[in-house]
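Shown next, in structure tokens, is the structure this report addresses.
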Amino acid sequence: MDGAQARKYVIATNVGGTCTETVVFAAGEPIRIGKALSTPPDYATGIFDSIRSAADAMGEEVDSLLAQTYLFVHGSTVVDNTILTRDGAKVGLLTTEGFEDTILVTRGAYGRWGGLTEDRIKRIVKTERAAPLVAPELIQGVGERVDSVGDVLRELDPDEVEKAVRYLVDEKGAQAIAVSLLWSFANPANERTIKEVANRVAPGAYCTLSSDIAPLPGEYERTSTAVINAYCGGITQSYLADLQGKLSDTAYRGQTMVMQGYGGLLPAGEAGDRSVGMLECGPAAGVIGSKSLGQLLEQPDVIAVDMGGTTFKVSVIQDGEIEYAREPMVDRFHYSAPKIEVVSIGAGGGSIVSIDEATGEPRVGPRSAGSRPGPICYGLGGKEPTLTDVFMLIGYMDPNTFLGGSMKLDVEPARKIFEEKIARPLGMGVEEAAIGIYRLASAQITDLIREITVERGLDPRDFVMHSFGGSCGMLSTMFGAELGVRKIVIPYTASVNCAFGLVSADIVHQYLVTRTLPASVPAAEINALYEPLIEQARAQLREEGFTDDQMRFEWSVDLRYARQVHELTTPVRASVPLTDEGLVQLLADFEALYERKFGKGSAYREAGIEMKLFRLKAEGLLKKPEVPTVPMGGEDASAALTGKRDIFVERANGLAPADIYDFEKLTPGNRLAGPAVIHKPITTIVLQAGQKACVDQYRNVIVEFE
């Protein structure tokens, strides 16, 4: 991008539920990392604390570092949190007359249990649909009709629209308006007319159109997407504007880019108007980071696991390709937007450990103590035991090394409350109960990983596991061994992987057109659909400062067998524009992908193949971090040995002595054997007995099994 090299640094900051992490890089310099507690609701404080942590490690002042920075890349949980806490705008919905109940009906009976935990689904008669983000009394139908090919069958009356908008805003107090008309993706004219009226009549109300945010078939999902975007849009715009304002108060004069759930970046202004795209953008960045690491280490098949303070997340990279969610969902609401598939459970370092009143059994999560008040050992007012407190009690954490020693932990209050609330009700001693909770958490994670591997026909033994997050290194060697993965990689940037993924991403715009075509159509007809999309994408990227040689375009097509409901997005691997031979390859790739997802022999070309959706991914290529190598040395790691401490060792079925290492004193080539603990400035790695580890030239810790 023009003028970028006048300043040399890229700063990437990701706000998580418990911690905010930062990565700083410049060409030819080592990667610097920083981390601080998140500070809701004023997340900017945690962002600047995290940047300060990295600046301190560099010997720089924050303002000096920002003055030398040309790009700030950001990911945040602000949209997820807005929905989960039900803290969004009061939304009014305008839809086609006669279809007012679409958002309330959801997917029929599936809406009763969609998004629920397995335990709650078992009690199906006690389930109910989630309370909608738009109240029934704020849904208004307007007289209009467009058919499936975009022909207007009934004209829209602007006076009726004005009356409906005034009713929603003036009488019902709507702060935002979502518009979702039938077949609007085929012809958005009526929706655009409504927005013009809304902007004139109620300029203070945020307005979003389904034809802008989700121009896709699927009436419920499209409407749900528009409602989610309206619910969170004003808050997202304010959040990003506030962040940009605070950055402008410093010496920073570069651009701000925001991560999207599909794994690409958007300029902050555009991202603010597409809040639904920020859903799960942090985990998506983590997967991008894992893919980048896999390419570096020549590991195409990866199970990426990430355990921070709030959740445990897992995704699969197969043959170097990222999996995308077929039915994205936030909380209990479906939406239509491309999103990297990341499956999660409420099992993070801050997950609260409790006793189920009905069964008397221990539980881990899904509630979290977050960063405030946080685990008991933080000393910030936490009164409920968490997994982090358990890690302390079984010897894995050092009270003096948390967050690089900037925050001292206190084990005694954690021990006292854990004994009172967990150990004593279970009739156990503190260490015995803590070990049991640790094993329970490991078993929950193992089951989750098997769901997205074994239950989909994938063998974990064919994969390398990448272990990310501040808490994951204390558990991954336990459940990784249970799964039988080939090896475990704990990257140098493990505790800030989402931030590392941010600087590994590119600017990405998504374009699409919906059209049903038979597989027998000539390739030229497909090319004609893509030509205006490419022209639009090229113009947008040029406006953002990219030259033609910094652009990349990827085609993909959603295909299905005739009379099936769901499509598979199939990348176009042939050269484009397509030839008829390339179209033949596309169909073959679809069937190979179909059998990979649904089992060998499931493809059935005789049923006929249809093309339903044509997608264009337009990328503006950014300069990527160059991960520096460090010369390899000897195998002896004794220089990093700081002592011994009793920790939980699975093979010993209890506490046993273990070697304790300072990661900062380990050098590439060093080898060590478990049981052992490696303390890094902002994470910890535990080796079980029988496990061996080495440090590679990138300062990653590679764990192998006997």
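Each chain in the structure tokens gets a letter, A, B and so on, in the order shown; residues start at 1 in every chain, and ligands are counted from 1 in the order they appear.
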
Considering only C-alpha atoms, return as a JSON list (two decimals) with N, CA, C and O atoms, in the first residue's frame whatever protein or nucleic-acid residues lie within 7 Å of range 10-12 of chain A, sequence-local ones (same chain, fewer than 3 positions apart) excluded.
```json
[["chain", "number", "residue", "atom", "x", "y", "z"],
["A", 22, "THR", "N", -1.35, -8.64, 22.05],
["A", 22, "THR", "CA", -0.76, -7.79, 21.02],
["A", 22, "THR", "C", 0.46, -8.45, 20.41],
["A", 22, "THR", "O", 1.25, -9.10, 21.11],
["A", 23, "VAL", "N", 0.59, -8.29, 19.10],
["A", 23, "VAL", "CA", 1.79, -8.71, 18.37],
["A", 23, "VAL", "C", 2.30, -7.49, 17.61],
["A", 23, "VAL", "O", 1.52, -6.75, 17.00],
["A", 24, "VAL", "N", 3.63, -7.27, 17.66],
["A", 24, "VAL", "CA", 4.27, -6.19, 16.92],
["A", 24, "VAL", "C", 5.34, -6.80, 16.03],
["A", 24, "VAL", "O", 6.14, -7.62, 16.49],
["A", 25, "PHE", "N", 5.33, -6.43, 14.76],
["A", 25, "PHE", "CA", 6.39, -6.94, 13.89],
["A", 25, "PHE", "C", 6.83, -5.89, 12.89],
["A", 25, "PHE", "O", 6.09, -4.97, 12.55],
["A", 26, "ALA", "N", 8.06, -6.03, 12.45],
["A", 26, "ALA", "CA", 8.63, -5.23, 11.38],
["A", 26, "ALA", "C", 9.57, -6.13, 10.60],
["A", 26, "ALA", "O", 10.15, -7.08, 11.16],
["A", 69, "THR", "N", 4.41, 3.15, 13.48],
["A", 69, "THR", "CA", 3.49, 2.10, 13.02],
["A", 69, "THR", "C", 2.67, 2.60, 11.84],
["A", 69, "THR", "O", 2.11, 3.70, 11.89],
["A", 70, "TYR", "N", 2.58, 1.78, 10.79],
["A", 70, "TYR", "CA", 1.80, 2.19, 9.62],
["A", 70, "TYR", "C", 0.47, 1.45, 9.50],
["A", 70, "TYR", "O", -0.39, 1.85, 8.71],
["A", 71, "LEU", "N", 0.28, 0.39, 10.30],
["A", 71, "LEU", "CA", -0.98, -0.36, 10.20],
["A", 71, "LEU", "C", -1.35, -0.92, 11.56],
["A", 71, "LEU", "O", -0.52, -1.57, 12.22],
["A", 72, "PHE", "N", -2.59, -0.66, 11.98],
["A", 72, "PHE", "CA", -3.13, -1.22, 13.21],
["A", 72, "PHE", "C", -4.25, -2.18, 12.84],
["A", 72, "PHE", "O", -5.22, -1.80, 12.17],
["A", 73, "VAL", "N", -4.11, -3.44, 13.25],
["A", 73, "VAL", "CA", -5.07, -4.48, 12.92],
["A", 73, "VAL", "C", -5.75, -4.94, 14.21],
["A", 73, "VAL", "O", -5.08, -5.16, 15.23],
["A", 74, "HIS", "N", -7.06, -5.10, 14.15],
["A", 74, "HIS", "CA", -7.81, -5.28, 15.39],
["A", 74, "HIS", "C", -8.85, -6.38, 15.28],
["A", 74, "HIS", "O", -9.51, -6.54, 14.24],
["A", 499, "ALA", "N", -3.80, -12.66, 17.83],
["A", 499, "ALA", "CA", -3.13, -11.46, 17.35],
["A", 499, "ALA", "C", -2.14, -11.80, 16.24],
["A", 499, "ALA", "O", -2.01, -11.07, 15.25],
["A", 502, "LEU", "N", -3.96, -12.12, 13.10],
["A", 502, "LEU", "CA", -4.35, -10.83, 12.52],
["A", 502, "LEU", "C", -3.30, -10.31, 11.55],
["A", 502, "LEU", "O", -3.62, -9.78, 10.49],
["A", 503, "VAL", "N", -2.02, -10.45, 11.92],
["A", 503, "VAL", "CA", -0.97, -9.94, 11.03],
["A", 503, "VAL", "C", -0.64, -10.94, 9.92],
["A", 503, "VAL", "O", 0.16, -10.64, 9.05]]
```

Compile a residue-level contact table for range 481-541 of chain A against range 433-449 of chain A at a cut-off of 12 Å, reporting for every qualifying residue the shortest atom pair and its distance in Å to one decimal, with only C-alpha atoms counted, rows ordered by chain and ascending number, as JSON lines.
```
{"residue": "A:Ala481", "atom": "CA", "partner": "A:Thr446", "partner_atom": "CA", "distance": 9.9}
{"residue": "A:Glu482", "atom": "CA", "partner": "A:Thr446", "partner_atom": "CA", "distance": 7.5}
{"residue": "A:Leu483", "atom": "CA", "partner": "A:Thr446", "partner_atom": "CA", "distance": 7.0}
{"residue": "A:Gly484", "atom": "CA", "partner": "A:Thr446", "partner_atom": "CA", "distance": 10.7}
{"residue": "A:Val485", "atom": "CA", "partner": "A:Ile449", "partner_atom": "CA", "distance": 11.3}
```

Selected residues written out, all heavy atoms, as a CSV table (one decimal), in the first residue's frame:
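Heads up, here's the output in selection35.csv:
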```csv
chain,number,residue,atom,x,y,z
A,481,ALA,N,-2.3,-36.6,24.2
A,481,ALA,CA,-1.9,-38.0,24.3
A,481,ALA,C,-3.1,-38.9,24.2
A,481,ALA,O,-3.0,-40.0,23.6
A,481,ALA,CB,-1.1,-38.1,25.6
A,482,GLU,N,-4.2,-38.5,24.8
A,482,GLU,CA,-5.4,-39.4,24.8
A,482,GLU,C,-5.9,-39.5,23.3
A,482,GLU,O,-6.4,-40.6,22.9
A,482,GLU,CB,-6.5,-38.7,25.6
A,482,GLU,CG,-7.8,-39.4,25.6
A,482,GLU,CD,-7.8,-40.8,26.3
A,482,GLU,OE1,-6.9,-41.0,27.1
A,482,GLU,OE2,-8.7,-41.6,25.9
A,483,LEU,N,-5.8,-38.5,22.5
A,483,LEU,CA,-6.3,-38.5,21.2
A,483,LEU,C,-5.3,-39.2,20.2
A,483,LEU,O,-5.6,-39.7,19.2
A,483,LEU,CB,-6.5,-37.1,20.6
A,483,LEU,CG,-7.7,-36.3,21.2
A,483,LEU,CD1,-7.6,-34.8,21.0
A,483,LEU,CD2,-9.0,-36.9,20.7
A,484,GLY,N,-4.0,-39.3,20.7
A,484,GLY,CA,-3.0,-40.0,19.9
A,484,GLY,C,-2.5,-39.2,18.7
A,484,GLY,O,-2.1,-39.7,17.7
A,485,VAL,N,-2.5,-37.8,18.8
A,485,VAL,CA,-2.0,-37.0,17.7
A,485,VAL,C,-0.5,-37.3,17.5
A,485,VAL,O,0.2,-37.8,18.4
A,485,VAL,CB,-2.2,-35.5,18.0
A,485,VAL,CG1,-3.7,-35.2,18.0
A,485,VAL,CG2,-1.6,-35.1,19.3
```

* Would you kindly return, as a PyMOL selection string, each protein, DNA or RNA residue with an atom no farther than 7 Å from any atom of Tyr252 in chain A, considering only C-alpha atoms and excluding same-chain residues fewer than 3 positions away? => chain A and resi 66-67+69+247-248

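Distances to Arg107 in chain A were evaluated for A:Glu221, A:Arg166, A:Met632, A:Leu182 using only C-alpha atoms, and the minimum falls at A:Glu221.
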
* **Within 9 Å of Ser638 in chain A using only C-alpha atoms, minus same-chain residues under 2 positions, as a PyMOL selection string** => chain A and resi 636+640-642+661+666+670+672

* Tell me, which residues of range 321-549 of chain A carry DSSP helix (DSSP H, G or I), written as an MDAnalysis selection string? -> chainID A and resid 376:378 387:393 402:405 411:426 430:452 454:456 460:462 472:474 476:483 494:502 523:543 548:549

* In terms of the shortest atom-to-atom distance over only C-alpha atoms, which of A:Gly46, A:Gly141, A:Gly545, A:Gly669 is closest to Ser180 in chain A? -> A:Gly141
